[in-house]
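Just coords-v2.cif here, mmCIF, C-alpha atoms:
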data_entry
#
loop_
_atom_site.group_PDB
_atom_site.id
_atom_site.type_symbol
_atom_site.label_atom_id
_atom_site.label_comp_id
_atom_site.auth_asym_id
_atom_site.auth_seq_id
_atom_site.Cartn_x
_atom_site.Cartn_y
_atom_site.Cartn_z
ATOM 1 C CA MET K 1 20.013 -150.203 -9.315
ATOM 2 C CA ILE K 2 16.591 -151.505 -8.181
ATOM 3 C CA GLN K 3 18.217 -153.313 -5.258
ATOM 4 C CA GLN K 4 19.983 -150.142 -4.218
ATOM 5 C CA LEU K 5 16.682 -148.263 -4.509
ATOM 6 C CA GLN K 6 14.991 -150.841 -2.297
ATOM 7 C CA LEU K 7 17.762 -150.382 0.252
ATOM 8 C CA GLY K 8 17.000 -146.654 0.239
ATOM 9 C CA VAL K 9 20.309 -145.528 -1.280
ATOM 10 C CA GLU K 10 19.847 -141.852 -2.097
ATOM 11 C CA GLN K 11 22.354 -141.937 -4.932
ATOM 12 C CA ALA K 12 20.303 -144.615 -6.709
ATOM 13 C CA PHE K 13 17.128 -142.550 -6.333
ATOM 14 C CA ALA K 14 18.879 -139.485 -7.754
ATOM 15 C CA GLN K 15 20.100 -141.569 -10.690
ATOM 16 C CA VAL K 16 16.598 -142.910 -11.438
ATOM 17 C CA VAL K 17 15.099 -139.413 -11.294
ATOM 18 C CA GLU K 18 17.853 -138.110 -13.568
ATOM 19 C CA GLU K 19 17.253 -140.888 -16.077
ATOM 20 C CA TYR K 20 13.459 -140.928 -16.142
ATOM 21 C CA GLN K 21 12.394 -137.359 -15.289
ATOM 22 C CA HIS K 22 11.766 -136.364 -18.914
ATOM 23 C CA LEU K 23 9.806 -139.545 -19.657
ATOM 24 C CA VAL K 24 7.547 -138.961 -16.653
ATOM 25 C CA TYR K 25 7.198 -135.212 -17.199
ATOM 26 C CA ASN K 26 6.363 -135.566 -20.897
ATOM 27 C CA THR K 27 3.702 -138.215 -20.216
ATOM 28 C CA VAL K 28 2.064 -136.184 -17.455
ATOM 29 C CA LEU K 29 2.290 -132.993 -19.510
ATOM 30 C CA GLY K 30 0.511 -134.702 -22.409
ATOM 31 C CA MET K 31 -2.240 -135.884 -20.094
ATOM 32 C CA LEU K 32 -2.753 -132.640 -18.129
ATOM 33 C CA GLN K 33 -1.681 -129.987 -20.673
ATOM 34 C CA ASN K 34 -0.442 -127.636 -17.967
ATOM 35 C CA ARG K 35 3.244 -127.158 -17.170
ATOM 36 C CA GLU K 36 2.953 -126.283 -13.451
ATOM 37 C CA GLU K 37 0.523 -129.101 -12.730
ATOM 38 C CA ALA K 38 2.675 -131.507 -14.753
ATOM 39 C CA GLU K 39 5.708 -130.727 -12.591
ATOM 40 C CA ASP K 40 3.708 -131.249 -9.397
ATOM 41 C CA VAL K 41 2.328 -134.572 -10.583
ATOM 42 C CA ALA K 42 5.718 -135.716 -11.945
ATOM 43 C CA GLN K 43 7.148 -135.104 -8.464
ATOM 44 C CA GLU K 44 4.291 -137.142 -6.975
ATOM 45 C CA VAL K 45 5.158 -139.981 -9.357
ATOM 46 C CA PHE K 46 8.730 -140.199 -8.045
ATOM 47 C CA ILE K 47 7.573 -139.890 -4.428
ATOM 48 C CA GLN K 48 5.153 -142.775 -5.013
ATOM 49 C CA MET K 49 7.960 -144.772 -6.665
ATOM 50 C CA PHE K 50 10.235 -144.125 -3.673
ATOM 51 C CA GLN K 51 7.546 -145.133 -1.175
ATOM 52 C CA SER K 52 6.457 -148.308 -2.943
ATOM 53 C CA ILE K 53 9.713 -149.499 -4.489
ATOM 54 C CA ASN K 54 9.548 -152.661 -2.353
ATOM 55 C CA GLN K 55 6.381 -153.675 -4.200
ATOM 56 C CA PHE K 56 8.266 -153.601 -7.502
ATOM 57 C CA LYS K 57 9.050 -157.221 -8.295
ATOM 58 C CA GLY K 58 10.949 -156.593 -11.487
ATOM 59 C CA GLU K 59 8.381 -158.433 -13.641
ATOM 60 C CA SER K 60 8.220 -155.430 -15.960
ATOM 61 C CA LYS K 61 10.699 -152.723 -16.855
ATOM 62 C CA LEU K 62 11.120 -149.818 -14.445
ATOM 63 C CA SER K 63 10.015 -147.455 -17.231
ATOM 64 C CA THR K 64 6.730 -149.425 -17.667
ATOM 65 C CA TRP K 65 6.079 -149.169 -13.950
ATOM 66 C CA LEU K 66 6.798 -145.423 -14.012
ATOM 67 C CA TYR K 67 4.462 -144.951 -17.002
ATOM 68 C CA ARG K 68 1.707 -146.713 -15.041
ATOM 69 C CA ILE K 69 2.191 -144.515 -11.968
ATOM 70 C CA ALA K 70 2.331 -141.396 -14.169
ATOM 71 C CA ILE K 71 -0.921 -142.287 -15.949
ATOM 72 C CA THR K 72 -2.736 -143.188 -12.715
ATOM 73 C CA LYS K 73 -1.585 -140.005 -10.977
ATOM 74 C CA SER K 74 -2.545 -137.844 -13.974
ATOM 75 C CA LEU K 75 -6.027 -139.352 -14.181
ATOM 76 C CA ASP K 76 -6.526 -138.931 -10.417
ATOM 77 C CA TRP K 77 -5.400 -135.312 -10.649
ATOM 78 C CA GLN K 78 -7.769 -134.654 -13.546
ATOM 79 C CA ARG K 79 -10.718 -136.237 -11.681
ATOM 80 C CA ARG K 80 -9.987 -134.158 -8.579
ATOM 81 C CA LYS K 81 -9.777 -131.022 -10.718
ATOM 82 C CA ASN K 82 -13.089 -131.804 -12.426
ATOM 83 C CA ARG K 83 -14.747 -132.353 -9.036
ATOM 84 C CA LYS K 84 -13.407 -129.014 -7.816
ATOM 85 C CA LYS K 85 -14.671 -127.322 -10.978
ATOM 86 C CA ARG K 86 -18.172 -128.746 -10.465
ATOM 87 C CA PHE K 87 -18.117 -127.649 -6.829
ATOM 88 C CA ALA K 88 -16.922 -124.158 -7.805
ATOM 89 C CA PHE K 89 -19.753 -123.979 -10.344
ATOM 90 C CA ILE K 90 -22.340 -124.841 -7.659
ATOM 91 C CA GLU K 91 -20.706 -122.332 -5.291
ATOM 92 C CA GLY K 92 -20.932 -119.758 -8.066
ATOM 93 C CA LEU K 93 -24.660 -120.419 -8.436
ATOM 94 C CA PHE K 94 -25.195 -119.550 -4.792
ATOM 95 C CA GLY K 95 -22.949 -116.510 -4.964
ATOM 96 C CA ALA K 96 -20.287 -117.911 -2.637
ATOM 97 C CA ASP K 97 -17.533 -117.256 -5.128
ATOM 98 C CA ASP K 98 -18.042 -114.910 -8.006
ATOM 99 C CA THR K 99 -14.531 -115.165 -9.458
ATOM 100 C CA VAL K 100 -14.429 -117.016 -12.744
ATOM 101 C CA LYS K 101 -11.611 -119.509 -12.978
ATOM 102 C CA HIS K 102 -10.485 -120.477 -16.463
ATOM 103 C CA ASP K 103 -7.902 -122.881 -17.724
ATOM 104 C CA PRO K 104 -5.319 -121.333 -20.011
ATOM 105 C CA PRO K 105 -7.021 -120.884 -23.417
ATOM 106 C CA GLU K 106 -4.672 -123.131 -25.343
ATOM 107 C CA PHE K 107 -1.811 -125.482 -24.672
ATOM 108 C CA ASN K 108 1.375 -125.426 -26.693
ATOM 109 C CA HIS K 109 3.494 -128.522 -26.273
ATOM 110 C CA PRO K 110 7.169 -127.456 -26.199
ATOM 111 C CA GLY K 111 8.163 -130.375 -28.446
ATOM 112 C CA VAL K 112 5.995 -129.365 -31.418
ATOM 113 C CA ALA K 113 7.660 -127.714 -34.433
ATOM 114 C CA MET K 114 7.007 -123.967 -34.659
ATOM 115 C CA GLU K 115 4.987 -124.189 -37.896
ATOM 116 C CA ASN K 116 2.616 -126.728 -36.309
ATOM 117 C CA LYS K 117 1.979 -124.875 -33.027
ATOM 118 C CA GLU K 118 -1.420 -123.531 -33.991
ATOM 119 C CA LYS K 119 -2.752 -126.813 -35.360
ATOM 120 C CA SER K 120 -1.361 -128.880 -32.468
ATOM 121 C CA ALA K 121 -3.043 -126.522 -29.969
ATOM 122 C CA LEU K 122 -6.378 -127.391 -31.620
ATOM 123 C CA LEU K 123 -5.543 -131.077 -31.481
ATOM 124 C CA PHE K 124 -4.602 -130.958 -27.773
ATOM 125 C CA LYS K 125 -7.831 -129.135 -27.021
ATOM 126 C CA ALA K 126 -9.754 -131.938 -28.703
ATOM 127 C CA ILE K 127 -7.679 -134.602 -26.895
ATOM 128 C CA LYS K 128 -8.884 -133.125 -23.590
ATOM 129 C CA GLY K 129 -12.416 -134.292 -24.350
ATOM 130 C CA LEU K 130 -11.501 -137.931 -25.036
ATOM 131 C CA PRO K 131 -12.516 -140.720 -22.646
ATOM 132 C CA GLU K 132 -9.687 -141.791 -20.274
ATOM 133 C CA ASN K 133 -8.647 -145.018 -22.056
ATOM 134 C CA GLN K 134 -8.586 -143.420 -25.507
ATOM 135 C CA LYS K 135 -6.698 -140.398 -24.223
ATOM 136 C CA THR K 136 -4.110 -142.567 -22.427
ATOM 137 C CA ALA K 137 -3.512 -144.754 -25.497
ATOM 138 C CA PHE K 138 -3.281 -141.709 -27.766
ATOM 139 C CA ILE K 139 -0.805 -139.820 -25.537
ATOM 140 C CA LEU K 140 1.416 -142.865 -24.997
ATOM 141 C CA ASN K 141 1.450 -143.710 -28.706
ATOM 142 C CA LYS K 142 1.564 -140.279 -30.331
ATOM 143 C CA VAL K 143 3.237 -138.055 -27.719
ATOM 144 C CA GLU K 144 5.544 -140.545 -25.996
ATOM 145 C CA GLY K 145 6.095 -142.567 -29.156
ATOM 146 C CA LEU K 146 5.447 -146.019 -27.637
ATOM 147 C CA SER K 147 4.597 -148.929 -29.921
ATOM 148 C CA TYR K 148 1.170 -150.617 -29.702
ATOM 149 C CA ASP K 149 2.789 -153.467 -27.810
ATOM 150 C CA GLU K 150 4.397 -151.130 -25.273
ATOM 151 C CA VAL K 151 1.147 -149.196 -24.799
ATOM 152 C CA ALA K 152 -0.637 -152.506 -24.203
ATOM 153 C CA THR K 153 1.922 -153.472 -21.533
ATOM 154 C CA VAL K 154 1.604 -150.127 -19.755
ATOM 155 C CA MET K 155 -2.202 -150.169 -19.871
ATOM 156 C CA GLN K 156 -2.338 -153.892 -19.028
ATOM 157 C CA VAL K 157 -4.681 -154.660 -21.934
ATOM 158 C CA THR K 158 -4.298 -156.600 -25.185
ATOM 159 C CA GLN K 159 -2.784 -155.096 -28.300
ATOM 160 C CA ALA K 160 -6.173 -155.397 -30.019
ATOM 161 C CA SER K 161 -7.710 -153.244 -27.281
ATOM 162 C CA VAL K 162 -5.039 -150.589 -27.823
ATOM 163 C CA GLU K 163 -5.791 -150.610 -31.568
ATOM 164 C CA ALA K 164 -9.494 -150.210 -30.782
ATOM 165 C CA PHE K 165 -8.831 -147.347 -28.333
ATOM 166 C CA LEU K 166 -6.697 -145.539 -30.915
ATOM 167 C CA HIS K 167 -9.203 -146.100 -33.705
ATOM 168 C CA ARG K 168 -12.051 -144.690 -31.591
ATOM 169 C CA ALA K 169 -9.842 -141.839 -30.377
ATOM 170 C CA LYS K 170 -9.147 -140.797 -33.984
ATOM 171 C CA GLN K 171 -12.844 -141.043 -34.853
ATOM 172 C CA ASN K 172 -13.764 -138.829 -31.892
ATOM 173 C CA LEU K 173 -11.001 -136.351 -32.702
ATOM 174 C CA ARG K 174 -12.122 -136.162 -36.364
ATOM 175 C CA LYS K 175 -15.673 -135.459 -35.231
ATOM 176 C CA GLU K 176 -14.606 -132.806 -32.719
ATOM 177 C CA LEU K 177 -12.259 -131.117 -35.192
ATOM 178 C CA GLY K 178 -14.954 -131.294 -37.904
ATOM 179 C CA ASP K 179 -17.406 -129.471 -35.616
ATOM 180 C CA TYR K 180 -14.736 -126.860 -34.898
ATOM 181 C CA TYR K 181 -14.075 -126.442 -38.628
ATOM 182 C CA ASN K 182 -17.795 -125.982 -39.364
ATOM 183 C CA LYS K 183 -18.101 -123.315 -36.671
ATOM 184 C CA ASN K 184 -15.008 -121.355 -37.685
ATOM 185 C CA LYS K 185 -14.819 -121.679 -41.483
ATOM 186 C CA MET O 1 -17.575 -131.465 -52.782
ATOM 187 C CA ASP O 2 -14.526 -129.284 -52.901
ATOM 188 C CA ASN O 3 -15.445 -127.886 -49.521
ATOM 189 C CA LEU O 4 -15.720 -131.354 -47.993
ATOM 190 C CA TYR O 5 -12.323 -132.293 -49.380
ATOM 191 C CA LYS O 6 -10.845 -129.108 -47.935
ATOM 192 C CA LYS O 7 -12.358 -129.877 -44.543
ATOM 193 C CA GLU O 8 -11.034 -133.463 -44.536
ATOM 194 C CA GLN O 9 -7.624 -132.196 -45.570
ATOM 195 C CA GLU O 10 -7.558 -129.629 -42.746
ATOM 196 C CA ILE O 11 -8.588 -132.240 -40.155
ATOM 197 C CA GLU O 12 -5.888 -134.583 -41.417
ATOM 198 C CA ASN O 13 -3.313 -131.780 -41.147
ATOM 199 C CA ILE O 14 -4.342 -131.087 -37.568
ATOM 200 C CA LEU O 15 -4.143 -134.789 -36.678
ATOM 201 C CA ASN O 16 -0.684 -134.998 -38.208
ATOM 202 C CA SER O 17 0.542 -131.809 -36.528
ATOM 203 C CA ILE O 18 2.129 -133.758 -33.659
ATOM 204 C CA GLU O 19 3.959 -136.222 -35.920
ATOM 205 C CA GLY O 20 7.598 -136.264 -34.876
ATOM 206 C CA ILE O 21 6.888 -134.367 -31.659
ATOM 207 C CA ALA O 22 9.969 -134.065 -29.433
ATOM 208 C CA ARG O 23 9.854 -135.108 -25.797
ATOM 209 C CA ALA O 24 9.221 -132.185 -23.427
ATOM 210 C CA GLU O 25 11.985 -131.863 -20.864
ATOM 211 C CA ALA O 26 11.370 -131.553 -17.153
ATOM 212 C CA PRO O 27 12.131 -128.045 -15.816
ATOM 213 C CA PRO O 28 15.682 -127.373 -14.595
ATOM 214 C CA PHE O 29 16.507 -128.341 -10.987
ATOM 215 C CA PHE O 30 13.640 -130.836 -10.963
ATOM 216 C CA TYR O 31 15.495 -133.173 -8.604
ATOM 217 C CA THR O 32 16.379 -130.359 -6.172
ATOM 218 C CA ARG O 33 12.737 -129.323 -5.915
ATOM 219 C CA LEU O 34 11.656 -132.949 -5.551
ATOM 220 C CA GLN O 35 14.140 -133.433 -2.706
ATOM 221 C CA ALA O 36 12.894 -130.292 -0.930
ATOM 222 C CA ARG O 37 9.295 -131.490 -1.224
ATOM 223 C CA MET O 38 10.141 -134.938 0.138
ATOM 224 C CA GLN O 39 12.008 -133.409 3.071
ATOM 225 C CA LYS O 40 9.055 -131.155 3.856
ATOM 226 C CA GLN O 41 6.664 -134.098 3.696
ATOM 227 C CA GLU O 42 8.910 -136.126 5.999
ATOM 228 C CA GLU O 43 9.048 -133.317 8.570
ATOM 229 C CA SER O 44 5.285 -132.828 8.561
ATOM 230 C CA SER O 45 4.704 -136.563 8.842
ATOM 231 C CA LEU O 46 7.000 -136.650 11.915
ATOM 232 C CA VAL O 47 4.966 -133.856 13.543
ATOM 233 C CA ASN O 48 1.728 -135.638 12.648
ATOM 234 C CA ARG O 49 3.028 -138.880 14.093
ATOM 235 C CA PHE O 50 3.933 -137.077 17.342
ATOM 236 C CA LEU O 51 0.525 -135.360 17.534
ATOM 237 C CA GLY O 52 -1.142 -138.625 16.599
ATOM 238 C CA LEU O 53 0.127 -140.128 19.876
ATOM 239 C CA PHE O 54 -2.222 -137.872 21.824
ATOM 240 C CA VAL O 55 -5.332 -139.088 20.039
ATOM 241 C CA GLN O 56 -4.429 -142.751 20.482
ATOM 242 C CA PRO O 57 -6.966 -144.575 22.742
ATOM 243 C CA VAL O 58 -4.052 -145.857 24.870
ATOM 244 C CA PHE O 59 -3.012 -142.297 25.593
ATOM 245 C CA ALA O 60 -6.595 -141.240 26.446
ATOM 246 C CA VAL O 61 -7.088 -144.211 28.818
ATOM 247 C CA ALA O 62 -3.718 -143.587 30.481
ATOM 248 C CA THR O 63 -4.567 -139.895 31.063
ATOM 249 C CA LEU O 64 -7.973 -140.786 32.506
ATOM 250 C CA SER O 65 -6.420 -143.417 34.792
ATOM 251 C CA LEU O 66 -3.809 -140.946 36.038
ATOM 252 C CA PHE O 67 -6.577 -138.407 36.755
ATOM 253 C CA ILE O 68 -8.584 -140.964 38.757
ATOM 254 C CA VAL O 69 -5.521 -142.177 40.698
ATOM 255 C CA LEU O 70 -4.512 -138.614 41.641
ATOM 256 C CA ASN O 71 -8.044 -137.866 42.823
ATOM 257 C CA LEU O 72 -8.203 -141.015 44.910
ATOM 258 C CA ALA O 73 -4.785 -140.280 46.433
ATOM 259 C CA THR O 74 -5.854 -136.747 47.380
ATOM 260 C CA LEU O 75 -9.116 -137.975 48.890
ATOM 261 C CA ASN O 76 -7.269 -140.650 50.829
ATOM 262 C CA SER O 77 -4.752 -138.194 52.271
ATOM 263 C CA VAL O 78 -7.544 -135.791 53.307
ATOM 264 C CA LEU O 79 -9.430 -138.571 55.112
ATOM 265 C CA LYS O 80 -6.232 -139.725 56.809
ATOM 266 C CA GLU O 81 -5.467 -136.211 58.022
ATOM 267 C CA LYS O 82 -8.931 -135.907 59.562
ATOM 268 C CA LYS O 83 -8.537 -139.220 61.368
ATOM 269 C CA GLU O 84 -5.174 -138.216 62.823
ATOM 270 C CA MET O 85 -6.441 -134.812 64.054
ATOM 271 C CA PRO O 86 -5.947 -134.258 67.889
ATOM 272 C CA LYS O 87 -9.062 -134.392 70.115
ATOM 273 C CA SER O 88 -8.693 -130.750 71.175
ATOM 274 C CA GLN O 89 -9.176 -129.768 67.533
ATOM 275 C CA VAL O 90 -12.171 -132.076 67.184
ATOM 276 C CA SER O 91 -13.873 -130.411 70.185
ATOM 277 C CA SER O 92 -13.310 -126.979 68.733
ATOM 278 C CA ASP O 93 -17.136 -126.556 68.491
ATOM 279 C CA ALA O 94 -17.531 -126.719 72.289
ATOM 280 C CA SER O 95 -14.741 -124.201 72.892
ATOM 281 C CA LEU O 96 -16.287 -121.862 70.370
ATOM 282 C CA GLN O 97 -19.599 -122.011 72.205
ATOM 283 C CA SER O 98 -17.978 -121.239 75.550
ATOM 284 C CA PHE O 99 -16.086 -118.338 73.961
ATOM 285 C CA ALA O 100 -19.382 -116.921 72.669
ATOM 286 C CA LYS O 101 -20.946 -117.288 76.106
ATOM 287 C CA ASP O 102 -18.062 -115.544 77.857
ATOM 288 C CA TYR O 103 -18.242 -112.534 75.636
ATOM 289 C CA ASP O 104 -22.055 -112.538 75.361
ATOM 290 C CA LEU O 105 -22.025 -112.901 71.587
ATOM 291 C CA SER O 106 -25.310 -114.788 71.456
ATOM 292 C CA VAL O 107 -28.014 -113.200 69.319
ATOM 293 C CA PRO O 108 -30.979 -112.011 71.422
ATOM 294 C CA THR O 109 -34.349 -113.089 70.003
ATOM 295 C CA LEU O 110 -37.977 -112.498 70.879
ATOM 296 C CA TYR O 111 -38.477 -116.225 71.302
ATOM 297 C CA GLY O 112 -35.792 -116.262 73.971
ATOM 298 C CA ASP O 113 -37.808 -113.738 76.009
ATOM 299 C CA THR O 114 -41.034 -115.739 75.741
ATOM 300 C CA LYS O 115 -39.182 -118.863 76.897
ATOM 301 C CA ASN O 116 -38.040 -117.096 80.095
ATOM 302 C CA ASN O 117 -41.586 -116.085 80.847
#

Take the structure in this file and express it as structure tokens.
Amino acid sequence: MIQQLQLGVEQAFAQVVEEYQHLVYNTVLGMLQNREEAEDVAQEVFIQMFQSINQFKGESKLSTWLYRIAITKSLDWQRRKNRKKRFAFIEGLFGADDTVKHDPPEFNHPGVAMENKEKSALLFKAIKGLPENQKTAFILNKVEGLSYDEVATVMQVTQASVEAFLHRAKQNLRKELGDYYNKNK
Amino acid sequence: MDNLYKKEQEIENILNSIEGIARAEAPPFFYTRLQARMQKQEESSLVNRFLGLFVQPVFAVATLSLFIVLNLATLNSVLKEKKEMPKSQVSSDASLQSFAKDYDLSVPTLYGDTKNN
């Protein structure tokens, strides 16, 4: 299939998109927590794959490569969004734009069981504040269900590093959720 | 103590709330929309490539050269035309003066009078 992709066969591209669209969308959705943005970025992932398929040497699985593109694109998107937010804030200070732009108040992942919706919304809100490496490891492990070894391959770090990222992520989440509990009890 | 236990329990529940989470599915017709976007990008890149030709240095130099060549050619043809002009046309100044004399079109001046005196 990879050879056909490299030859530009449209059928092969359609097949890859069909097979991996949910994997890519779910990863990006976990990272960005916004359905519209996740679709946009998931499309960008496949466009990037199509454009740089000749650089794929087959040393890793296609899914690993797609995970990497999805994570990179999501982080880039988030950085761009944060920059825009800062700029909008400065503009707001000088009265150039007095409309207040908010993100949706809470994110409900469609794959969470109904009885857990409320709690998972709190968890996703806390995940937003994690540093990039911790957030990536947490999403790949908890939301995409990858093993430590698979997360390490995607992130191109050792398994010990993944364990450390996840440990620190949980510590940070506990702290954040504890603060929330103290404020709202 | 009881409160602390309750808090820890609540945090643990929140952390475990995504256990067994199902994979979110991409929206329907994802591939169709992806195809449309790629086609649009391809079209705009073709237009950009075409417009990009005009800002290439080669294109700018070629336009400038053409401008200079056309100017030189025009100048050359004008000079050639002047050289090939018949003598009668060249002496048109003298005939004009005689025409003015015949019809007394010269402008009378005070200085002319003083000269005669």

Residue with smallest distance to chain O - pool K:Lys61, K:Lys73, K:Lys85, K:Lys142, counting only C-alpha atoms: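 Among the listed residues, K:Lys142 lies closest to chain O.
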
Per-residue nearest contacts of chain K to chain O (7 Å; only C-alpha atoms) as a tab-separated table:
residue	atom	partner	partner_atom	distance
K:Val17	CA	O:Tyr31	CA	6.8
K:Gln21	CA	O:Ala26	CA	6.2
K:His22	CA	O:Glu25	CA	4.9
K:Tyr25	CA	O:Ala26	CA	5.5
K:Asn26	CA	O:Ala24	CA	5.1
K:Gln43	CA	O:Leu34	CA	5.8
K:Pro110	CA	O:Ala24	CA	5.9
K:Gly111	CA	O:Ala22	CA	4.2
K:Val112	CA	O:Ile21	CA	5.1
K:Asn116	CA	O:Ser17	CA	5.5
K:Lys119	CA	O:Ile14	CA	5.1
K:Ser120	CA	O:Ser17	CA	5.4
K:Leu123	CA	O:Ile14	CA	6.2
K:Val143	CA	O:Ile21	CA	6.5
K:Glu144	CA	O:Arg23	CA	6.9
K:Arg174	CA	O:Ile11	CA	6.5
K:Leu177	CA	O:Ile11	CA	6.3
K:Gly178	CA	O:Ile11	CA	6.8

Exercise: Phe124 (chain K) partners within 10 Å, only C-alpha atoms, chain neighbours under 2 positions left out, as a list in words: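 Contacts, with the query itself left out: Gly30, Met31, Leu32, Gln33, Glu106, Phe107, Asn108, His109, Lys119, Ser120, Ala121, Leu122, Ala126, Ile127, Lys128, Gly129, Ile139 and Leu173 of chain K; Ile14, Leu15 and Ile18 of chain O.
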
Neighbours of point (-5.2, -150.7, -33.2) within 12 Å, using all atoms listed in the file, written as number ranges by chain: K: 134, 137-138, 141, 147-149, 151-152, 157-170

Close residues, Leu75 (chain K) itself excluded, 12 Å, only C-alpha atoms, min 6 positions apart in chain, as number ranges by chain: K: 27-32, 38, 41, 68-69, 81-82, 128, 131-133, 135-136

Take the residues from that selection and put them in a file with C-alpha atoms, as a CSV table (one decimal), in the coordinates of the input.
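Okay, this is what ended up in out_14.csv:
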chain,number,residue,atom,x,y,z
K,27,THR,CA,3.7,-138.2,-20.2
K,28,VAL,CA,2.1,-136.2,-17.5
K,29,LEU,CA,2.3,-133.0,-19.5
K,30,GLY,CA,0.5,-134.7,-22.4
K,31,MET,CA,-2.2,-135.9,-20.1
K,32,LEU,CA,-2.8,-132.6,-18.1
K,38,ALA,CA,2.7,-131.5,-14.8
K,41,VAL,CA,2.3,-134.6,-10.6
K,68,ARG,CA,1.7,-146.7,-15.0
K,69,ILE,CA,2.2,-144.5,-12.0
K,81,LYS,CA,-9.8,-131.0,-10.7
K,82,ASN,CA,-13.1,-131.8,-12.4
K,128,LYS,CA,-8.9,-133.1,-23.6
K,131,PRO,CA,-12.5,-140.7,-22.6
K,132,GLU,CA,-9.7,-141.8,-20.3
K,133,ASN,CA,-8.6,-145.0,-22.1
K,135,LYS,CA,-6.7,-140.4,-24.2
K,136,THR,CA,-4.1,-142.6,-22.4
